[in-house]
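S.K.: Provided below: protein16.pdb, containing PDB, C-alpha atoms, pLDDT in the B column.
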```
MODEL        1
ATOM      1  CA  MET A   1      28.293   3.899 -36.826  1.00 65.00           C
ATOM      2  CA  PRO A   2      27.065   0.377 -36.060  1.00 86.00           C
ATOM      3  CA  ASN A   3      23.644  -0.265 -34.602  1.00 96.00           C
ATOM      4  CA  THR A   4      23.497  -0.756 -30.845  1.00 97.00           C
ATOM      5  CA  ILE A   5      21.323  -3.278 -29.038  1.00 97.00           C
ATOM      6  CA  ILE A   6      19.415  -1.729 -26.132  1.00 98.00           C
ATOM      7  CA  TYR A   7      18.561  -3.957 -23.182  1.00 97.00           C
ATOM      8  CA  SER A   8      16.767  -3.278 -19.894  1.00 98.00           C
ATOM      9  CA  ALA A   9      16.558  -5.756 -17.035  1.00 98.00           C
ATOM     10  CA  ASP A  10      13.458  -3.785 -15.946  1.00 98.00           C
ATOM     11  CA  ALA A  11      11.489  -4.985 -18.981  1.00 98.00           C
ATOM     12  CA  PRO A  12      10.735  -8.526 -20.117  1.00 97.00           C
ATOM     13  CA  ALA A  13      13.403 -10.341 -22.087  1.00 95.00           C
ATOM     14  CA  PRO A  14      12.510 -10.994 -25.718  1.00 94.00           C
ATOM     15  CA  ILE A  15      10.481 -14.166 -26.269  1.00 89.00           C
ATOM     16  CA  GLY A  16      11.939 -14.695 -29.725  1.00 91.00           C
ATOM     17  CA  PRO A  17      14.847 -13.759 -31.974  1.00 95.00           C
ATOM     18  CA  TYR A  18      14.653  -9.978 -31.574  1.00 96.00           C
ATOM     19  CA  SER A  19      16.049  -7.229 -29.334  1.00 97.00           C
ATOM     20  CA  GLN A  20      14.090  -5.065 -26.924  1.00 98.00           C
ATOM     21  CA  ALA A  21      15.330  -2.114 -28.964  1.00 98.00           C
ATOM     22  CA  ILE A  22      17.951  -1.107 -31.502  1.00 98.00           C
ATOM     23  CA  GLN A  23      19.623   2.277 -31.730  1.00 98.00           C
ATOM     24  CA  ALA A  24      20.602   3.354 -35.239  1.00 97.00           C
ATOM     25  CA  GLY A  25      22.236   6.778 -35.153  1.00 96.00           C
ATOM     26  CA  ASN A  26      20.022   8.986 -32.998  1.00 97.00           C
ATOM     27  CA  THR A  27      16.931   6.858 -33.558  1.00 98.00           C
ATOM     28  CA  VAL A  28      15.796   4.099 -31.202  1.00 98.00           C
ATOM     29  CA  TYR A  29      13.358   1.462 -32.448  1.00 98.00           C
ATOM     30  CA  VAL A  30      11.595  -0.250 -29.538  1.00 98.00           C
ATOM     31  CA  SER A  31      10.111  -3.667 -30.265  1.00 98.00           C
ATOM     32  CA  GLY A  32       6.486  -4.329 -29.508  1.00 98.00           C
ATOM     33  CA  GLN A  33       5.937  -4.676 -25.795  1.00 98.00           C
ATOM     34  CA  ILE A  34       3.294  -6.938 -24.346  1.00 98.00           C
ATOM     35  CA  PRO A  35       2.134  -7.055 -20.708  1.00 98.00           C
ATOM     36  CA  LEU A  36       4.862  -9.230 -19.261  1.00 98.00           C
ATOM     37  CA  ASP A  37       6.723  -8.097 -16.167  1.00 97.00           C
ATOM     38  CA  ALA A  38      10.523  -8.070 -15.984  1.00 97.00           C
ATOM     39  CA  GLY A  39      10.418 -11.693 -14.843  1.00 96.00           C
ATOM     40  CA  GLY A  40       8.428 -12.733 -17.905  1.00 96.00           C
ATOM     41  CA  GLN A  41       5.137 -13.246 -16.075  1.00 97.00           C
ATOM     42  CA  LEU A  42       1.886 -12.157 -17.717  1.00 96.00           C
ATOM     43  CA  VAL A  43       0.270  -9.130 -16.033  1.00 97.00           C
ATOM     44  CA  GLY A  44      -3.450  -8.492 -16.211  1.00 94.00           C
ATOM     45  CA  SER A  45      -4.639 -11.794 -17.717  1.00 88.00           C
ATOM     46  CA  GLY A  46      -7.257 -10.219 -19.961  1.00 91.00           C
ATOM     47  CA  ASP A  47      -7.746  -7.021 -17.933  1.00 97.00           C
ATOM     48  CA  VAL A  48      -7.052  -4.536 -20.727  1.00 98.00           C
ATOM     49  CA  ALA A  49      -6.379  -1.661 -18.307  1.00 98.00           C
ATOM     50  CA  ALA A  50      -3.769  -3.608 -16.325  1.00 98.00           C
ATOM     51  CA  GLU A  51      -2.243  -4.900 -19.552  1.00 98.00           C
ATOM     52  CA  THR A  52      -1.979  -1.409 -21.054  1.00 98.00           C
ATOM     53  CA  HIS A  53      -0.318   0.028 -17.942  1.00 98.00           C
ATOM     54  CA  GLN A  54       2.258  -2.794 -17.957  1.00 98.00           C
ATOM     55  CA  VAL A  55       2.984  -2.278 -21.651  1.00 98.00           C
ATOM     56  CA  MET A  56       3.585   1.437 -21.048  1.00 98.00           C
ATOM     57  CA  ARG A  57       5.876   0.672 -18.084  1.00 98.00           C
ATOM     58  CA  ASN A  58       7.833  -1.723 -20.297  1.00 98.00           C
ATOM     59  CA  LEU A  59       8.235   0.941 -22.970  1.00 98.00           C
ATOM     60  CA  GLN A  60       9.456   3.392 -20.335  1.00 98.00           C
ATOM     61  CA  ALA A  61      12.018   0.868 -19.037  1.00 98.00           C
ATOM     62  CA  VAL A  62      13.447   0.126 -22.481  1.00 98.00           C
ATOM     63  CA  LEU A  63      13.562   3.815 -23.373  1.00 98.00           C
ATOM     64  CA  ALA A  64      15.321   4.573 -20.063  1.00 98.00           C
ATOM     65  CA  ALA A  65      18.002   2.001 -20.928  1.00 98.00           C
ATOM     66  CA  ALA A  66      18.667   4.094 -24.037  1.00 98.00           C
ATOM     67  CA  GLY A  67      18.757   7.324 -22.003  1.00 98.00           C
ATOM     68  CA  LEU A  68      15.335   8.402 -23.278  1.00 98.00           C
ATOM     69  CA  THR A  69      11.810   9.027 -21.994  1.00 98.00           C
ATOM     70  CA  LEU A  70       8.365   8.938 -23.541  1.00 98.00           C
ATOM     71  CA  LEU A  71       8.896  12.603 -24.437  1.00 97.00           C
ATOM     72  CA  ASP A  72      11.471  11.441 -26.999  1.00 98.00           C
ATOM     73  CA  VAL A  73       8.951   9.159 -28.733  1.00 98.00           C
ATOM     74  CA  VAL A  74       7.959  10.331 -32.204  1.00 98.00           C
ATOM     75  CA  LYS A  75       5.780   7.391 -33.301  1.00 98.00           C
ATOM     76  CA  CYS A  76       3.864   4.527 -31.712  1.00 98.00           C
ATOM     77  CA  SER A  77       2.078   1.539 -33.176  1.00 98.00           C
ATOM     78  CA  ILE A  78      -0.706  -0.001 -31.111  1.00 98.00           C
ATOM     79  CA  PHE A  79      -2.045  -3.458 -31.840  1.00 98.00           C
ATOM     80  CA  VAL A  80      -5.254  -4.492 -30.101  1.00 98.00           C
ATOM     81  CA  LYS A  81      -7.177  -7.728 -30.061  1.00 97.00           C
ATOM     82  CA  ASP A  82     -10.532  -5.931 -29.789  1.00 97.00           C
ATOM     83  CA  LEU A  83     -10.962  -2.401 -31.114  1.00 97.00           C
ATOM     84  CA  GLY A  84     -13.931  -2.159 -28.763  1.00 97.00           C
ATOM     85  CA  ASN A  85     -11.309  -1.600 -26.028  1.00 97.00           C
ATOM     86  CA  PHE A  86      -9.798   1.353 -27.904  1.00 96.00           C
ATOM     87  CA  GLY A  87     -11.360   3.998 -25.649  1.00 97.00           C
ATOM     88  CA  LEU A  88      -9.867   2.570 -22.467  1.00 98.00           C
ATOM     89  CA  ILE A  89      -6.494   1.814 -24.063  1.00 98.00           C
ATOM     90  CA  ASN A  90      -6.395   5.324 -25.554  1.00 97.00           C
ATOM     91  CA  GLU A  91      -7.193   6.920 -22.174  1.00 97.00           C
ATOM     92  CA  ILE A  92      -4.457   4.984 -20.374  1.00 98.00           C
ATOM     93  CA  TYR A  93      -1.930   5.478 -23.189  1.00 98.00           C
ATOM     94  CA  GLY A  94      -2.656   9.207 -23.212  1.00 97.00           C
ATOM     95  CA  SER A  95      -2.106   9.481 -19.458  1.00 98.00           C
ATOM     96  CA  TYR A  96       1.587   8.654 -19.965  1.00 98.00           C
ATOM     97  CA  PHE A  97       2.147  11.756 -22.128  1.00 97.00           C
ATOM     98  CA  PRO A  98       1.749  15.435 -21.222  1.00 95.00           C
ATOM     99  CA  ALA A  99      -1.477  17.042 -22.430  1.00 91.00           C
ATOM    100  CA  ASP A 100       0.436  19.139 -24.961  1.00 94.00           C
ATOM    101  CA  TYR A 101       2.445  16.278 -26.486  1.00 94.00           C
ATOM    102  CA  ALA A 102       1.395  13.166 -28.348  1.00 95.00           C
ATOM    103  CA  PRO A 103       3.529  11.218 -30.809  1.00 98.00           C
ATOM    104  CA  ALA A 104       2.286  10.150 -34.226  1.00 98.00           C
ATOM    105  CA  ARG A 105       0.429   6.855 -33.987  1.00 98.00           C
ATOM    106  CA  GLU A 106      -1.717   4.204 -35.546  1.00 98.00           C
ATOM    107  CA  THR A 107      -3.955   1.657 -33.874  1.00 97.00           C
ATOM    108  CA  VAL A 108      -4.763  -1.618 -35.589  1.00 98.00           C
ATOM    109  CA  GLU A 109      -7.067  -4.454 -34.575  1.00 98.00           C
ATOM    110  CA  VAL A 110      -5.459  -7.859 -35.029  1.00 98.00           C
ATOM    111  CA  SER A 111      -6.850 -11.350 -34.680  1.00 97.00           C
ATOM    112  CA  ARG A 112      -4.255 -12.534 -32.188  1.00 97.00           C
ATOM    113  CA  LEU A 113      -1.228 -11.310 -30.225  1.00 97.00           C
ATOM    114  CA  PRO A 114       1.633 -13.203 -28.550  1.00 95.00           C
ATOM    115  CA  LYS A 115       0.548 -15.075 -25.420  1.00 95.00           C
ATOM    116  CA  ASP A 116      -3.053 -14.104 -26.271  1.00 96.00           C
ATOM    117  CA  VAL A 117      -2.682 -10.660 -24.688  1.00 97.00           C
ATOM    118  CA  GLN A 118      -5.069  -7.792 -25.435  1.00 97.00           C
ATOM    119  CA  VAL A 119      -2.552  -5.085 -26.419  1.00 98.00           C
ATOM    120  CA  GLU A 120       0.953  -4.643 -27.831  1.00 98.00           C
ATOM    121  CA  ILE A 121       2.712  -1.313 -28.418  1.00 98.00           C
ATOM    122  CA  SER A 122       5.959  -0.488 -30.209  1.00 98.00           C
ATOM    123  CA  CYS A 123       7.576   2.908 -30.626  1.00 98.00           C
ATOM    124  CA  ILE A 124      10.279   4.928 -32.318  1.00 98.00           C
ATOM    125  CA  ALA A 125      12.177   7.571 -30.354  1.00 98.00           C
ATOM    126  CA  VAL A 126      14.822  10.078 -31.364  1.00 98.00           C
ATOM    127  CA  LYS A 127      17.668  11.256 -29.143  1.00 94.00           C
ATOM    128  CA  PRO A 128      17.834  15.056 -28.987  1.00 89.00           C
TER
ENDMDL
END
```
Could you express the structure from this file as structure tokens?

M.R.:
Amino acid sequence: MPNTIIYSADAPAPIGPYSQAIQAGNTVYVSGQIPLDAGGQLVGSGDVAAETHQVMRNLQAVLAAAGLTLLDVVKCSIFVKDLGNFGLINEIYGSYFPADYAPARETVEVSRLPKDVQVEISCIAVKP
């Protein structure tokens, strides 16, 4: 079965040579999402809370295009510009999942992210 490109008009278009997501079998690999709205405009401008909410909405939109929700996510990778913001990012991220469910995850501080945003999150989801 060939891989399938997943695209959502409700999430920002890729800003480089990559797809929003790829489905391979029952697994969907969602590219790192940054806080751009569907029109490609930066949301939050340094406000880590606003940026994190937009990133999570983008993930939801791409997953929805694949017929999935955050409950289908099995792994997330979070990249942050300042690990000092981890508490707030973690709180907001956690609010998008039920209290009894959290995917596997790592969080890594990086020196710089695309468009100088504060947070980027990618995920892997599996279709039931």

S.K.: I'd like the box whose edges run along x, y and z of the file and which contains every listed atom of region 27-42 of chain A, padded by 3 Å per side; could you state its centre and edge lengths in Å, one decimal, as lines of an AutoDock Vina configuration file?

M.R.:
```
center_x = 9.4
center_y = -3.2
center_z = -24.2
size_x = 21.0
size_y = 26.1
size_z = 24.7
```

S.K.: In Å, how far is it from CA of Ala66 (chain A) to CA of Gln20 (chain A)?

M.R.: 10.6 Å

S.K.: Step by step, work through what the PyMOL selection byres ((chain A and resi 34) around 6) selects in the shown file, and finish by giving those residues as an MDAnalysis selection string.

M.R.: chainID A and resid 33 35:36 55 120

S.K.: Let me know the residues the PyMOL selection byres ((chain A and resi 122) around 9) catches in the file above, as number ranges by chain.

M.R.: A: 29-33, 59, 75-79, 120-121, 123-124

S.K.: For the provided coordinates, the residues matched by the PyMOL selection byres ((chain A and resi 89) around 10) should be stated as a list in words.

M.R.: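 Output from the PyMOL selection byres ((chain A and resi 89) around 10), applied to this file: Val48, Ala49, Ala50, Glu51, Thr52, His53, Ile78, Val80, Leu83, Gly84, Asn85, Phe86, Gly87, Leu88, Asn90, Glu91, Ile92, Tyr93, Gly94, Ser95, Gln118 and Val119 of chain A.
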
S.K.: I'd like the interatomic distance between CA of Asp10 (chain A) and CA of Lys127 (chain A), to a tenth of an Å.

M.R.: 20.4 Å

S.K.: For CA of Gly25 (chain A) and CA of Val73 (chain A), determine how far apart the two atoms are, in Å to one decimal place.

M.R.: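 Atom-to-atom, CA of Gly25 (chain A) and CA of Val73 (chain A) are spaced 14.9 Å apart.
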
S.K.: Applying 10 Å and all atoms listed in the file, which residues near Ile5 (chain A) remain after dropping the ones on its own chain fewer than 6 positions away? List them as JSON, numbers by chain.

M.R.: {"A": [18, 19, 20, 21, 22, 23, 24, 28, 29, 66]}

S.K.: So, with only C-alpha atoms as the atoms that count, which of A:Arg105, A:Asp72, A:Arg57, A:Ala11 lies closest to Gln41 (chain A)?

M.R.: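 Closest to Gln41 (chain A) of all the choices is A:Ala11.
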
S.K.: Of the candidates A:Pro2, A:Pro12, A:Pro103, A:Gly67, which shows the shortest atom-to-atom distance to Leu42 (chain A), using all atoms listed in the file?

M.R.: A:Pro12

S.K.: With only C-alpha atoms as the counted atoms, please give the residues lying no more than 8 Å from Leu71 (chain A), apart from itself and same-chain residues fewer than 3 positions off, as a PyMOL selection string.

M.R.: chain A and resi 68+97+101

S.K.: For Thr69 (chain A), which of A:Val110, A:Lys115, A:Thr4, A:Val126 is the closest residue, counting only C-alpha atoms?

M.R.: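 Using only C-alpha atoms, Thr69 (chain A) sits closest to A:Val126.
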
S.K.: Using only C-alpha atoms, pick whichever of A:Ile6, A:Ala125, A:Ile15, A:Leu70 has the shortest atom-to-atom distance to Met56 (chain A).

M.R.: A:Leu70

S.K.: Would you kindly place N, CA and C atoms on region 11-25 of chain A and return the model as a PDB file, in the frame of the given file?

M.R.:
```pdb
ATOM      1  N   ALA A  11      12.536  -4.629 -18.017  1.00 98.00           N
ATOM      2  CA  ALA A  11      11.489  -4.985 -18.981  1.00 98.00           C
ATOM      3  C   ALA A  11      11.657  -6.470 -19.304  1.00 98.00           C
ATOM      4  N   PRO A  12      10.617  -7.099 -19.821  1.00 97.00           N
ATOM      5  CA  PRO A  12      10.735  -8.526 -20.117  1.00 97.00           C
ATOM      6  C   PRO A  12      11.760  -8.805 -21.207  1.00 97.00           C
ATOM      7  N   ALA A  13      12.464  -9.903 -21.051  1.00 95.00           N
ATOM      8  CA  ALA A  13      13.403 -10.341 -22.087  1.00 95.00           C
ATOM      9  C   ALA A  13      12.610 -10.736 -23.329  1.00 95.00           C
ATOM     10  N   PRO A  14      13.201 -10.577 -24.498  1.00 94.00           N
ATOM     11  CA  PRO A  14      12.510 -10.994 -25.718  1.00 94.00           C
ATOM     12  C   PRO A  14      12.110 -12.469 -25.657  1.00 94.00           C
ATOM     13  N   ILE A  15      10.957 -12.775 -26.256  1.00 89.00           N
ATOM     14  CA  ILE A  15      10.481 -14.166 -26.269  1.00 89.00           C
ATOM     15  C   ILE A  15      10.714 -14.797 -27.646  1.00 89.00           C
ATOM     16  N   GLY A  16      11.603 -14.192 -28.397  1.00 91.00           N
ATOM     17  CA  GLY A  16      11.939 -14.695 -29.725  1.00 91.00           C
ATOM     18  C   GLY A  16      13.249 -14.081 -30.189  1.00 91.00           C
ATOM     19  N   PRO A  17      13.581 -14.271 -31.455  1.00 95.00           N
ATOM     20  CA  PRO A  17      14.847 -13.759 -31.974  1.00 95.00           C
ATOM     21  C   PRO A  17      14.768 -12.279 -32.366  1.00 95.00           C
ATOM     22  N   TYR A  18      14.681 -11.418 -31.361  1.00 96.00           N
ATOM     23  CA  TYR A  18      14.653  -9.978 -31.574  1.00 96.00           C
ATOM     24  C   TYR A  18      15.227  -9.301 -30.339  1.00 96.00           C
ATOM     25  N   SER A  19      15.535  -8.018 -30.452  1.00 97.00           N
ATOM     26  CA  SER A  19      16.049  -7.229 -29.334  1.00 97.00           C
ATOM     27  C   SER A  19      14.928  -6.371 -28.765  1.00 97.00           C
ATOM     28  N   GLN A  20      15.065  -5.987 -27.506  1.00 98.00           N
ATOM     29  CA  GLN A  20      14.090  -5.065 -26.924  1.00 98.00           C
ATOM     30  C   GLN A  20      14.060  -3.767 -27.723  1.00 98.00           C
ATOM     31  N   ALA A  21      15.234  -3.319 -28.143  1.00 98.00           N
ATOM     32  CA  ALA A  21      15.330  -2.114 -28.964  1.00 98.00           C
ATOM     33  C   ALA A  21      16.673  -2.100 -29.677  1.00 98.00           C
ATOM     34  N   ILE A  22      16.716  -1.324 -30.744  1.00 98.00           N
ATOM     35  CA  ILE A  22      17.951  -1.107 -31.502  1.00 98.00           C
ATOM     36  C   ILE A  22      18.111   0.396 -31.697  1.00 98.00           C
ATOM     37  N   GLN A  23      19.329   0.885 -31.435  1.00 98.00           N
ATOM     38  CA  GLN A  23      19.623   2.277 -31.730  1.00 98.00           C
ATOM     39  C   GLN A  23      20.409   2.332 -33.020  1.00 98.00           C
ATOM     40  N   ALA A  24      19.927   3.116 -33.968  1.00 97.00           N
ATOM     41  CA  ALA A  24      20.602   3.354 -35.239  1.00 97.00           C
ATOM     42  C   ALA A  24      20.783   4.864 -35.358  1.00 97.00           C
ATOM     43  N   GLY A  25      22.005   5.334 -35.196  1.00 96.00           N
ATOM     44  CA  GLY A  25      22.236   6.778 -35.153  1.00 96.00           C
ATOM     45  C   GLY A  25      21.561   7.356 -33.926  1.00 96.00           C
TER      46      GLY A  25
END
```
